[in-house]
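**Q** This is the content of target-v3.txt (compact mmCIF, C-alpha atoms):
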```txt
# COMPACT_ATOMS: atom_id res chain seq x y z
CA MET A 1425 -43.91 37.34 22.08
CA ALA A 1426 -41.29 34.73 22.78
CA GLY A 1427 -43.47 32.25 20.95
CA ARG A 1428 -43.69 34.50 17.90
CA LEU A 1429 -39.92 35.08 17.95
CA LEU A 1430 -39.34 31.32 18.11
CA LEU A 1431 -41.72 30.82 15.22
CA ARG A 1432 -39.89 33.51 13.20
CA ALA A 1433 -36.55 31.86 13.97
CA CYS A 1434 -37.79 28.42 12.93
CA THR A 1435 -39.35 29.55 9.67
CA THR A 1436 -36.33 31.67 8.77
CA THR A 1437 -34.00 28.73 9.38
CA LEU A 1438 -36.17 26.45 7.28
CA GLN A 1439 -36.29 29.04 4.51
CA LEU A 1440 -32.54 29.52 4.62
CA ARG A 1441 -31.86 25.80 4.57
CA SER A 1442 -34.22 24.92 1.75
CA GLY A 1443 -34.67 27.96 -0.47
CA VAL A 1444 -32.02 30.63 -0.25
CA LEU A 1445 -28.90 28.64 0.51
CA ALA A 1446 -29.61 25.62 -1.71
CA PRO A 1447 -28.19 27.07 -4.93
CA LEU A 1448 -25.21 28.48 -2.98
CA HIS A 1449 -24.70 25.08 -1.35
CA GLN A 1450 -24.67 23.43 -4.72
CA THR A 1451 -22.05 25.93 -5.87
CA PHE A 1452 -19.93 25.00 -2.87
CA LEU A 1453 -20.22 21.32 -3.79
CA LEU A 1454 -19.20 22.11 -7.35
CA PHE A 1455 -16.07 23.88 -6.19
CA ASN A 1456 -15.53 21.40 -3.36
CA PHE A 1457 -15.30 23.76 -0.42
CA SER A 1458 -15.46 20.73 1.93
CA GLY A 1459 -11.72 20.82 1.65
CA ILE A 1460 -10.22 18.13 -0.56
CA PRO A 1461 -9.30 19.24 -4.08
CA THR A 1462 -10.23 17.28 -7.19
CA ASP A 1463 -7.86 16.28 -9.96
CA GLU A 1464 -9.53 19.00 -12.04
CA GLU A 1465 -8.32 21.58 -9.51
CA GLN A 1466 -4.95 20.18 -8.54
CA ALA A 1467 -3.51 17.71 -11.05
CA THR A 1468 -0.43 19.09 -12.75
CA GLY A 1469 2.21 18.28 -15.34
CA LEU A 1470 1.96 15.16 -17.48
CA GLU A 1471 -0.79 13.74 -15.28
CA ARG A 1472 -2.94 16.80 -15.95
CA ARG A 1473 -2.28 16.74 -19.70
CA THR A 1474 -3.12 13.03 -19.77
CA LEU A 1475 -6.38 13.43 -17.87
CA GLN A 1476 -7.50 16.50 -19.85
CA ALA A 1477 -6.82 14.75 -23.14
CA LEU A 1478 -8.69 11.60 -22.11
CA LYS A 1479 -11.64 13.74 -21.05
CA GLN A 1480 -11.75 15.16 -24.59
CA GLY A 1481 -11.63 11.66 -26.07
CA LYS A 1482 -8.01 12.04 -27.18
CA ASP A 1483 -5.12 9.73 -26.29
CA PRO A 1484 -1.84 11.46 -27.25
CA TYR A 1485 0.20 9.32 -24.85
CA SER A 1486 -1.08 5.96 -26.10
CA ILE A 1487 -2.54 4.88 -22.78
CA LEU A 1488 -5.54 3.04 -24.22
CA LYS A 1489 -5.50 -0.01 -26.44
CA PRO A 1490 -5.20 0.97 -30.11
CA LYS A 1491 -8.41 1.07 -32.09
CA HIS A 1492 -9.28 -2.10 -33.92
CA TYR A 1493 -9.05 -2.04 -37.69
CA ALA A 1494 -9.76 -4.76 -40.23
CA GLY A 1495 -6.31 -4.38 -41.76
CA THR A 1496 -7.65 -4.47 -45.31
CA LYS A 1497 -6.72 -2.07 -48.10
CA GLU A 1498 -9.92 -0.12 -47.45
CA ASP A 1499 -9.56 -0.20 -43.69
CA PRO A 1500 -5.84 -0.26 -42.90
CA HIS A 1501 -4.43 -0.21 -39.36
CA ILE A 1502 -3.84 3.48 -38.59
CA VAL A 1503 -0.47 3.89 -36.87
CA PRO A 1504 0.11 7.31 -35.25
CA GLY A 1505 3.71 8.55 -35.52
CA ILE A 1506 5.70 11.65 -34.64
CA GLY A 1507 8.42 11.19 -37.25
CA THR A 1508 8.75 9.76 -40.77
CA LYS A 1509 8.82 6.12 -39.68
CA ARG A 1510 7.73 3.91 -36.79
CA LEU A 1511 8.39 0.32 -35.80
CA VAL A 1512 5.35 -1.93 -36.08
CA GLY A 1513 5.04 -5.36 -34.49
CA CYS A 1514 2.35 -7.47 -36.14
CA LEU A 1515 0.78 -10.30 -34.19
CA CYS A 1516 -0.56 -11.97 -37.28
CA GLU A 1517 -2.82 -14.38 -35.45
CA GLU A 1518 -4.02 -14.43 -31.86
CA ASP A 1519 -1.67 -16.40 -29.55
CA ASN A 1520 1.23 -16.23 -32.04
CA THR A 1521 4.49 -16.17 -30.12
CA ALA A 1522 6.58 -14.75 -32.96
CA ILE A 1523 6.01 -11.05 -33.57
CA VAL A 1524 6.74 -9.76 -37.08
CA TRP A 1525 8.63 -6.48 -36.77
CA PHE A 1526 9.07 -3.97 -39.58
CA TRP A 1527 9.56 -0.25 -40.15
CA LEU A 1528 6.44 1.58 -41.33
CA HIS A 1529 7.34 4.60 -43.45
CA GLU A 1530 5.17 7.62 -44.22
CA GLY A 1531 3.32 7.53 -47.48
CA GLU A 1532 1.46 4.61 -48.99
CA ALA A 1533 0.18 1.87 -46.74
CA GLN A 1534 2.54 -1.11 -46.30
CA ARG A 1535 1.66 -4.75 -45.77
CA CYS A 1536 2.91 -7.10 -43.10
CA PRO A 1537 5.46 -9.41 -44.77
CA SER A 1538 3.90 -12.39 -43.03
CA CYS A 1539 0.11 -12.01 -43.01
CA GLY A 1540 -0.38 -9.14 -45.45
CA SER A 1541 -2.36 -6.81 -43.14
CA HIS A 1542 -2.29 -3.19 -44.26
CA TYR A 1543 -0.69 -0.52 -42.10
CA LYS A 1544 -0.69 3.26 -42.68
CA LEU A 1545 1.48 5.78 -40.82
CA VAL A 1546 -0.43 8.95 -39.88
CA HIS A 1547 1.57 11.95 -38.68
CA HIS A 1548 0.80 13.36 -35.22
CA GLU A 1549 2.36 16.35 -33.57
CA LEU A 1550 4.55 15.80 -30.50
CA PRO A 1551 2.27 16.32 -27.48
CA HIS A 1552 3.30 19.26 -25.30
CA MET B 573 11.80 20.97 -22.37
CA ALA B 574 11.94 17.38 -23.62
CA HIS B 575 8.55 15.98 -24.65
CA GLN B 576 7.75 12.30 -24.40
CA VAL B 577 5.05 10.44 -26.33
CA HIS B 578 4.37 7.89 -23.60
CA ALA B 579 2.75 8.24 -20.18
CA TYR B 580 5.52 6.56 -18.16
CA HIS B 581 7.97 8.17 -15.79
CA MET B 582 11.63 8.03 -16.78
CA VAL B 583 13.14 8.95 -13.43
CA ASP B 584 16.04 11.36 -13.07
CA PRO B 585 19.39 10.02 -11.82
CA SER B 586 19.30 9.61 -8.05
CA PRO B 587 21.90 8.83 -5.36
CA TRP B 588 19.45 7.15 -3.02
CA PRO B 589 19.69 3.59 -4.35
CA LEU B 590 23.47 3.75 -3.74
CA THR B 591 23.19 5.27 -0.27
CA GLY B 592 20.53 2.68 0.55
CA ALA B 593 22.77 -0.16 -0.58
CA VAL B 594 25.72 1.21 1.41
CA GLY B 595 23.43 1.65 4.40
CA ALA B 596 22.24 -1.94 4.13
CA LEU B 597 25.84 -3.12 3.95
CA LEU B 598 26.81 -1.13 7.05
CA LEU B 599 23.70 -2.32 8.88
CA THR B 600 24.36 -6.01 8.24
CA SER B 601 28.10 -5.94 8.82
CA GLY B 602 27.51 -3.64 11.78
CA LEU B 603 25.15 -6.21 13.26
CA ALA B 604 27.84 -8.88 12.96
CA ILE B 605 30.48 -6.58 14.51
CA TRP B 606 28.14 -5.71 17.37
CA MET B 607 27.48 -9.35 18.11
CA HIS B 608 31.14 -10.35 18.15
CA PHE B 609 33.10 -7.26 19.18
CA HIS B 610 30.51 -5.22 21.15
CA SER B 611 30.94 -2.09 19.02
CA MET B 612 27.81 -0.31 17.80
CA THR B 613 29.51 2.28 15.55
CA LEU B 614 29.01 0.56 12.21
CA LEU B 615 25.46 -0.45 13.12
CA THR B 616 24.51 3.10 14.10
CA LEU B 617 26.09 4.51 10.97
CA GLY B 618 24.18 2.04 8.82
CA LEU B 619 20.91 2.83 10.56
CA ILE B 620 21.33 6.58 10.12
CA LEU B 621 22.25 6.17 6.44
CA LEU B 622 19.25 3.93 5.85
CA LEU B 623 16.85 6.32 7.58
CA LEU B 624 18.23 9.29 5.61
CA THR B 625 17.88 7.30 2.40
CA MET B 626 14.26 6.39 3.11
CA TYR B 627 13.38 9.95 4.02
CA GLN B 628 14.96 11.50 0.93
CA TRP B 629 13.92 8.83 -1.55
CA TRP B 630 10.27 8.92 -0.55
CA ARG B 631 10.37 12.74 -0.34
CA ASP B 632 11.56 12.75 -3.95
CA ILE B 633 8.72 10.40 -4.97
CA VAL B 634 6.19 12.76 -3.38
CA ARG B 635 7.79 15.66 -5.26
CA GLU B 636 7.68 13.76 -8.56
CA GLY B 637 4.08 12.59 -8.16
CA THR B 638 2.27 15.35 -6.33
CA PHE B 639 4.21 18.48 -7.29
CA GLN B 640 5.44 17.57 -10.78
CA GLY B 641 2.57 15.39 -12.01
CA HIS B 642 4.63 12.41 -13.18
CA HIS B 643 2.19 9.85 -11.73
CA THR B 644 -0.13 9.39 -14.69
CA PRO B 645 -2.71 6.55 -14.60
CA PRO B 646 -0.27 3.95 -16.06
CA VAL B 647 2.42 4.98 -13.58
CA GLN B 648 -0.08 4.68 -10.73
CA LYS B 649 -1.03 1.21 -11.97
CA GLY B 650 2.63 0.21 -11.74
CA LEU B 651 2.83 1.55 -8.20
CA ARG B 652 -0.26 -0.48 -7.29
CA TYR B 653 1.29 -3.66 -8.68
CA GLY B 654 4.46 -2.84 -6.75
CA MET B 655 2.69 -2.45 -3.43
CA ILE B 656 0.67 -5.62 -3.93
CA LEU B 657 3.80 -7.60 -4.78
CA PHE B 658 5.59 -6.18 -1.76
CA ILE B 659 2.74 -7.09 0.59
CA THR B 660 2.67 -10.58 -0.98
CA SER B 661 6.37 -10.97 -0.17
CA GLU B 662 5.60 -9.96 3.41
CA VAL B 663 2.86 -12.59 3.55
CA PHE B 664 5.47 -15.22 2.68
CA PHE B 665 7.78 -13.76 5.33
CA PHE B 666 5.15 -14.36 8.00
CA LEU B 667 4.21 -17.75 6.53
CA GLY B 668 7.68 -18.93 7.53
CA PHE B 669 7.13 -18.06 11.16
CA PHE B 670 3.70 -19.68 11.18
CA TRP B 671 5.30 -22.79 9.66
CA ALA B 672 7.83 -22.81 12.48
CA PHE B 673 5.08 -22.43 15.08
CA TYR B 674 2.92 -25.22 13.69
CA HIS B 675 5.93 -27.50 13.16
CA SER B 676 6.77 -27.30 16.85
CA SER B 677 3.25 -27.17 18.28
CA LEU B 678 1.50 -29.89 16.26
CA ALA B 679 4.01 -32.57 17.30
CA PRO B 680 5.56 -31.42 20.58
CA THR B 681 8.75 -33.30 21.41
CA PRO B 682 9.47 -35.26 24.63
CA GLU B 683 11.81 -32.43 25.72
CA LEU B 684 8.72 -30.20 25.95
CA GLY B 685 6.77 -32.83 27.84
CA GLY B 686 5.03 -34.06 24.73
CA CYS B 687 2.42 -31.33 25.05
CA TRP B 688 1.67 -27.79 23.91
CA PRO B 689 1.98 -25.36 25.61
CA PRO B 690 5.16 -27.07 26.86
CA THR B 691 5.48 -28.10 30.49
CA GLY B 692 6.22 -25.10 32.68
CA ILE B 693 4.87 -22.50 30.27
CA THR B 694 1.88 -20.46 31.44
CA PRO B 695 0.48 -18.95 28.25
CA LEU B 696 -1.26 -15.57 28.18
CA ASP B 697 -5.03 -15.69 28.55
CA PRO B 698 -6.34 -15.09 25.02
CA PHE B 699 -9.49 -13.44 26.36
CA GLU B 700 -7.69 -10.68 28.20
CA VAL B 701 -5.34 -8.11 26.59
CA PRO B 702 -4.90 -10.14 23.36
CA LEU B 703 -8.67 -9.95 22.77
CA LEU B 704 -8.61 -6.21 23.41
CA ASN B 705 -5.75 -5.92 20.92
CA THR B 706 -7.88 -7.77 18.38
CA ALA B 707 -10.73 -5.32 18.91
CA VAL B 708 -8.35 -2.36 18.64
CA LEU B 709 -6.93 -3.49 15.30
CA LEU B 710 -10.34 -4.39 13.88
CA ALA B 711 -11.62 -0.96 14.91
CA SER B 712 -8.61 0.66 13.26
CA GLY B 713 -9.53 -1.19 10.07
CA VAL B 714 -12.95 0.44 10.23
CA THR B 715 -11.53 3.92 10.85
CA VAL B 716 -9.03 3.66 8.00
CA THR B 717 -11.88 2.68 5.65
CA TRP B 718 -13.83 5.65 6.98
CA ALA B 719 -10.82 7.85 6.20
CA HIS B 720 -10.66 6.49 2.64
CA HIS B 721 -14.30 7.21 1.97
CA SER B 722 -13.91 10.68 3.48
CA ILE B 723 -11.08 11.42 1.06
CA MET B 724 -13.02 10.08 -1.92
CA GLN B 725 -16.02 12.19 -0.97
CA GLY B 726 -13.89 15.30 -0.46
CA HIS B 727 -14.50 15.67 3.28
CA ARG B 728 -11.24 17.10 4.57
CA LYS B 729 -12.10 17.43 8.26
CA GLU B 730 -13.52 13.89 8.53
CA ALA B 731 -10.55 12.46 6.65
CA ILE B 732 -8.14 14.06 9.10
CA GLN B 733 -10.21 12.94 12.10
CA SER B 734 -10.61 9.31 11.02
CA LEU B 735 -6.97 8.99 9.94
CA THR B 736 -5.84 10.42 13.30
CA LEU B 737 -8.09 7.96 15.10
CA THR B 738 -6.60 5.09 13.09
CA ILE B 739 -3.08 6.13 14.09
CA LEU B 740 -4.08 6.51 17.75
CA LEU B 741 -5.55 3.00 17.72
CA GLY B 742 -2.30 1.75 16.22
CA PHE B 743 -0.33 3.41 19.01
CA TYR B 744 -2.73 1.96 21.57
CA PHE B 745 -2.09 -1.55 20.18
CA THR B 746 1.67 -1.01 20.38
CA PHE B 747 1.39 0.30 23.93
CA LEU B 748 -0.76 -2.65 25.06
CA GLN B 749 1.54 -5.15 23.37
CA ALA B 750 4.59 -3.54 25.01
CA MET B 751 2.90 -3.89 28.40
CA GLU B 752 2.12 -7.55 27.63
CA TYR B 753 5.77 -8.15 26.69
CA TYR B 754 6.90 -6.59 29.95
CA GLU B 755 4.46 -8.58 32.08
CA ALA B 756 4.70 -11.93 30.28
CA PRO B 757 5.63 -14.88 32.54
CA PHE B 758 7.87 -16.34 29.80
CA THR B 759 10.69 -14.94 27.67
CA ILE B 760 12.14 -15.50 24.20
CA ALA B 761 14.69 -17.83 25.81
CA ASP B 762 12.00 -20.18 27.10
CA GLY B 763 12.40 -22.94 24.57
CA VAL B 764 10.68 -23.14 21.25
CA TYR B 765 7.48 -21.69 22.74
CA GLY B 766 9.26 -18.48 23.65
CA SER B 767 11.07 -18.35 20.32
CA THR B 768 7.99 -18.84 18.16
CA PHE B 769 5.86 -16.53 20.28
CA PHE B 770 8.21 -13.57 20.46
CA VAL B 771 9.65 -13.79 16.95
CA ALA B 772 6.21 -14.02 15.31
CA THR B 773 4.51 -11.41 17.49
CA GLY B 774 7.66 -9.30 17.57
CA PHE B 775 7.89 -9.01 13.80
CA HIS B 776 4.18 -8.30 13.74
CA GLY B 777 4.67 -5.48 16.26
CA LEU B 778 7.45 -4.06 14.10
CA HIS B 779 5.06 -4.07 11.15
CA VAL B 780 2.43 -2.28 13.24
CA ILE B 781 4.99 0.43 13.97
CA ILE B 782 5.94 0.64 10.28
CA GLY B 783 2.26 0.80 9.29
CA SER B 784 1.50 3.48 11.87
CA THR B 785 4.44 5.52 10.57
CA PHE B 786 3.19 5.17 6.99
CA LEU B 787 -0.28 6.32 8.08
CA ALA B 788 1.22 9.25 9.99
CA ILE B 789 3.03 10.38 6.83
CA CYS B 790 -0.30 10.14 5.01
CA LEU B 791 -1.93 12.28 7.71
CA LEU B 792 0.76 14.92 7.26
CA ARG B 793 0.29 14.83 3.48
CA GLN B 794 -3.49 15.04 3.82
CA VAL B 795 -3.14 18.11 6.07
CA LEU B 796 -0.81 19.62 3.46
CA HIS B 797 -3.45 19.09 0.71
CA HIS B 798 -1.41 16.56 -1.28
CA PHE B 799 -4.29 14.18 -1.97
CA THR B 800 -7.15 14.75 -4.38
CA SER B 801 -10.46 12.96 -4.15
CA GLU B 802 -9.51 10.81 -7.14
CA HIS B 803 -5.73 10.46 -6.78
CA HIS B 804 -4.44 9.45 -3.35
CA PHE B 805 -2.51 6.27 -3.93
CA GLY B 806 -0.05 6.89 -1.10
CA PHE B 807 -2.98 6.69 1.28
CA GLU B 808 -4.39 3.58 -0.42
CA ALA B 809 -1.01 1.85 -0.14
CA ALA B 810 -0.86 2.69 3.58
CA ALA B 811 -4.41 1.40 4.05
CA TRP B 812 -3.61 -1.88 2.24
CA TYR B 813 -0.53 -2.32 4.41
CA TRP B 814 -2.59 -1.61 7.52
CA HIS B 815 -5.23 -4.21 6.57
CA PHE B 816 -2.43 -6.70 5.96
CA VAL B 817 -1.05 -6.03 9.46
CA ASP B 818 -4.56 -6.54 10.86
CA VAL B 819 -5.00 -9.87 9.05
CA VAL B 820 -1.60 -11.13 10.26
CA TRP B 821 -2.69 -10.31 13.81
CA LEU B 822 -5.92 -12.28 13.35
CA PHE B 823 -3.90 -15.33 12.28
CA LEU B 824 -1.49 -14.81 15.18
CA TYR B 825 -4.36 -14.51 17.62
CA ILE B 826 -6.18 -17.62 16.41
CA SER B 827 -3.02 -19.77 16.05
CA ILE B 828 -0.63 -18.75 18.82
CA TYR B 829 -2.76 -17.01 21.40
CA TRP B 830 -5.94 -19.08 21.24
CA TRP B 831 -5.24 -22.53 19.76
CA GLY B 832 -1.70 -22.51 21.14
CA SER B 833 -2.80 -21.86 24.70
CA CYS B 834 -5.50 -24.35 25.49
CA LEU B 835 -4.88 -27.73 23.95
CA SER B 836 -6.99 -30.63 25.22
CA SER B 837 -6.02 -32.72 28.20
CA VAL B 838 -5.17 -35.63 25.84
CA GLU B 839 -2.22 -33.66 24.45
CA ARG B 840 -1.30 -32.58 27.93
CA MET B 841 -0.93 -36.21 29.06
CA PRO B 842 2.63 -37.53 29.00
CA VAL B 843 3.56 -39.88 26.18
CA ILE B 844 3.54 -43.52 27.29
CA SER B 845 6.90 -45.13 26.61
CA ALA B 846 7.15 -48.38 24.61
CA HIS B 847 9.33 -49.77 27.38
CA PRO B 848 7.71 -48.94 30.70
CA VAL B 849 10.13 -48.50 33.58
CA LEU B 850 9.31 -50.49 36.72
CA VAL B 851 9.60 -48.40 39.83
```
How does this structure look as C-alpha cells?

**A**
Amino acid sequence: MAGRLLLRACTTTLQLRSGVLAPLHQTFLLFNFSGIPTDEEQATGLERRTLQALKQGKDPYSILKPKHYAGTKEDPHIVPGIGTKRLVGCLCEEDNTAIVWFWLHEGEAQRCPSCGSHYKLVHHELPH
Amino acid sequence: MAHQVHAYHMVDPSPWPLTGAVGALLLTSGLAIWMHFHSMTLLTLGLILLLLTMYQWWRDIVREGTFQGHHTPPVQKGLRYGMILFITSEVFFFLGFFWAFYHSSLAPTPELGGCWPPTGITPLDPFEVPLLNTAVLLASGVTVTWAHHSIMQGHRKEAIQSLTLTILLGFYFTFLQAMEYYEAPFTIADGVYGSTFFVATGFHGLHVIIGSTFLAICLLRQVLHHFTSEHHFGFEAAAWYWHFVDVVWLFLYISIYWWGSCLSSVERMPVISAHPVLV
C-alpha cells in the first residue's frame, strides 16, 4: 500500500510539473511573478512615453538619427516641426566644419543656400 | 503641464549644489583650523552639511528617475558617460600614489639603506591576510555579477541574496584590513615605506567603504522595487565602482604587498661607496 501511495505521489507530481502547471507557469513568467518588474509594468512619465513610442516605431522625441533623404526636389529632407518654422543646420558635405544655418518655414520646400539640398517642414503635434 | 519635444531632463532649480559647495568650503577650512587651532567645530559642520547634501541630492535623483520617469534612454546614456568619466578620474587619483610608491621603491635612497623594503621595516606577509583579502574582493566581484544577472532575469530573491552577500564580503574586507592596520609592525610615520603603504591602502579602504555604501543603497532600492529588469542603472554604476575598487586592490597587492615585500638579496645589499673607508 505504501508502495502504491508513493507511486501515486510520484506520478501526480510529474503530471503537475509537466502538464497541468506548465501553461500557468508560462503565465507567471509573462507577468514576471519572480519579483522584479519590467519597464512595461513600471516605467512612468517621459521614459514610458518614449519607450512606448519607440516600440510602435515612432520617435516623437527625436532620439534616433533622422532618416536619410536624397535631398532632391523629389526626395527632400523631411524636417518635423511643432510650429511654423524650425532652424535647420546643413552639413553640406561630410567632414565640413562650417554648418549652414537657416530658418525653414512651412509651405514649399526650401533649398540650402550653400549646397542646394531641398528641405521640407512637416507639421507634427506636440507630444503629450 | 509643459510639454517638451526632446528626451532630455531639464532639472528643476535645486539648493543642493550650493549647500554642497558651502559644505566643501567648511570642510576644507575646518580641516585647516583643526590642524592649527585644535577646534573641530567648522570641520564637523562641514561634514554634516556635506552628508545632508549627498543624501538629499541623490534622493532627488532617485525621485526624478524612478518615480517621475525623467531618465529616458538618452538621459541614461549621459549618466553612464558621467560614471565612466568619474571612475576614470579616480583611476588617475590612484595612479599618483602608485607613481609615488614606484618612485621611492625602484631606486631606494641611502637613507633607507639602499634597499626596499627599507632597513628596519618588516613588511606584511603577502600570503597571509592580504591574500585572503584578495580572495574576498574577487569573490565579491563574482557575487555582484550574479546580482546583476539576477536583476536582468527578474529574479528578485536571488538579486537580494547575491547583493547582500556582496556587501557582507565588502564589510569582511574592511574588517580584515582594519585588523591588519592595528597589528602592523610599522606605522604611517615609518619613512617613505609607511607613507606610501598607508596612504595608498588607506585611500583604497576608503573607496571600499564608499563602494559598500553605494551597494547598500542599491540593496535598499532593490527591496523597495525601484529597479526593473531593463532599467537599473544605479545598480550598474555601483557594480562598475565595485569592480574598479577590486582592480585597484589587485594592483596594490601585486605592487606594494607582493613585489614591495620580497626584493632580491642584490637589492638588499648595501651600496658600495666610491670612496671606501678604511677601518

**Q** Identify every residue of chain A that has at least one atom within 9 Å of any atom of chain B, counting all atoms listed in the file, and report the result as a PDB file with C-alpha atoms, keeping the file's coordinate frame.

**A**
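Output file result_37.pdb is given in full below:
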```
ATOM      1  CA  ASN A1456     -15.530  21.400  -3.360  1.00  0.00           C
ATOM      2  CA  PHE A1457     -15.300  23.760  -0.420  1.00  0.00           C
ATOM      3  CA  SER A1458     -15.460  20.730   1.930  1.00  0.00           C
ATOM      4  CA  GLY A1459     -11.720  20.820   1.650  1.00  0.00           C
ATOM      5  CA  ILE A1460     -10.220  18.130  -0.560  1.00  0.00           C
ATOM      6  CA  PRO A1461      -9.300  19.240  -4.080  1.00  0.00           C
ATOM      7  CA  THR A1462     -10.230  17.280  -7.190  1.00  0.00           C
ATOM      8  CA  ASP A1463      -7.860  16.280  -9.960  1.00  0.00           C
ATOM      9  CA  GLU A1465      -8.320  21.580  -9.510  1.00  0.00           C
ATOM     10  CA  GLN A1466      -4.950  20.180  -8.540  1.00  0.00           C
ATOM     11  CA  ALA A1467      -3.510  17.710 -11.050  1.00  0.00           C
ATOM     12  CA  THR A1468      -0.430  19.090 -12.750  1.00  0.00           C
ATOM     13  CA  GLY A1469       2.210  18.280 -15.340  1.00  0.00           C
ATOM     14  CA  LEU A1470       1.960  15.160 -17.480  1.00  0.00           C
ATOM     15  CA  GLU A1471      -0.790  13.740 -15.280  1.00  0.00           C
ATOM     16  CA  ARG A1472      -2.940  16.800 -15.950  1.00  0.00           C
ATOM     17  CA  THR A1474      -3.120  13.030 -19.770  1.00  0.00           C
ATOM     18  CA  LEU A1475      -6.380  13.430 -17.870  1.00  0.00           C
ATOM     19  CA  PRO A1484      -1.840  11.460 -27.250  1.00  0.00           C
ATOM     20  CA  TYR A1485       0.200   9.320 -24.850  1.00  0.00           C
ATOM     21  CA  SER A1486      -1.080   5.960 -26.100  1.00  0.00           C
ATOM     22  CA  ILE A1487      -2.540   4.880 -22.780  1.00  0.00           C
ATOM     23  CA  ILE A1506       5.700  11.650 -34.640  1.00  0.00           C
ATOM     24  CA  LEU A1550       4.550  15.800 -30.500  1.00  0.00           C
ATOM     25  CA  PRO A1551       2.270  16.320 -27.480  1.00  0.00           C
ATOM     26  CA  HIS A1552       3.300  19.260 -25.300  1.00  0.00           C
TER      27      HIS A1552
END
```

**Q** Report, in Å with one decimal, the straight-line distance from CA of Val817 (chain B) to CA of Lys649 (chain B).

**A**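 Separating CA of Val817 (chain B) from CA of Lys649 (chain B) is a distance of 22.6 Å.
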
**Q** Which distance in Å separates CA of Leu614 (chain B) and CA of Val594 (chain B), to one decimal?

**A**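 Straight-line distance from CA of Leu614 (chain B) to CA of Val594 (chain B) works out to 11.3 Å.
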
**Q** One number please: CA of Arg635 (chain B) to CA of Ala809 (chain B), in Å, one decimal.

**A**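 We find that CA of Arg635 (chain B) and CA of Ala809 (chain B) lie 17.2 Å from each other.
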
**Q** Find the residues near region 1519-1529 of chain A: any atom within 12 Å, counting all atoms listed in the file, skip ones fewer than 3 places away on the same chain, and give them as a VMD selection string.

**A** chain A and resid 1501 to 1516 1532 to 1547

**Q** Since we have the selection now, will you write its residues out, keeping C-alpha atoms, as a short mmCIF file (atom, residue, chain, number, x, y, z; two decimals), in the frame of the given file?

**A**
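Contents of the output file again_31.cif:
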```
data_model
loop_
_atom_site.label_atom_id
_atom_site.label_comp_id
_atom_site.auth_asym_id
_atom_site.auth_seq_id
_atom_site.Cartn_x
_atom_site.Cartn_y
_atom_site.Cartn_z
CA HIS A 1501 -4.43 -0.21 -39.36
CA ILE A 1502 -3.84 3.48 -38.59
CA VAL A 1503 -0.47 3.89 -36.87
CA PRO A 1504 0.11 7.31 -35.25
CA GLY A 1505 3.71 8.55 -35.52
CA ILE A 1506 5.70 11.65 -34.64
CA GLY A 1507 8.42 11.19 -37.25
CA THR A 1508 8.75 9.76 -40.77
CA LYS A 1509 8.82 6.12 -39.68
CA ARG A 1510 7.73 3.91 -36.79
CA LEU A 1511 8.39 0.32 -35.80
CA VAL A 1512 5.35 -1.93 -36.08
CA GLY A 1513 5.04 -5.36 -34.49
CA CYS A 1514 2.35 -7.47 -36.14
CA LEU A 1515 0.78 -10.30 -34.19
CA CYS A 1516 -0.56 -11.97 -37.28
CA GLU A 1532 1.46 4.61 -48.99
CA ALA A 1533 0.18 1.87 -46.74
CA GLN A 1534 2.54 -1.11 -46.30
CA ARG A 1535 1.66 -4.75 -45.77
CA CYS A 1536 2.91 -7.10 -43.10
CA PRO A 1537 5.46 -9.41 -44.77
CA SER A 1538 3.90 -12.39 -43.03
CA CYS A 1539 0.11 -12.01 -43.01
CA GLY A 1540 -0.38 -9.14 -45.45
CA SER A 1541 -2.36 -6.81 -43.14
CA HIS A 1542 -2.29 -3.19 -44.26
CA TYR A 1543 -0.69 -0.52 -42.10
CA LYS A 1544 -0.69 3.26 -42.68
CA LEU A 1545 1.48 5.78 -40.82
CA VAL A 1546 -0.43 8.95 -39.88
CA HIS A 1547 1.57 11.95 -38.68
#
```

**Q** Identify, on the basis of all atoms listed in the file, every residue whose closest approach to Leu696 (chain B) does not exceed 10 Å; exclude the query and any residue fewer than 2 positions from it along the same chain; express the result as a list in words.

**A**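 Counting only the stated atoms, we get Ile693, Thr694, Pro698, Phe699, Glu700, Val701, Pro702, Glu752, Glu755, Ala756, Pro757, Phe758, Ile828, Tyr829, Trp830, Gly832 and Ser833 of chain B.
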
**Q** Could you give me, as a PyMOL selection string, the residues within 10 Å of Met626 (chain B), counting all atoms listed in the file and dropping anything in the same chain fewer than 3 positions from it?

**A** chain B and resi 588-589+591-592+620-623+629-632

**Q** Report as a PyMOL selection string all protein, DNA and RNA residues lying within 8 Å of Ile659 (chain B), evaluated on only C-alpha atoms, omitting residues in the same chain fewer than 4 positions from it.

**A** chain B and resi 655+663+813+816
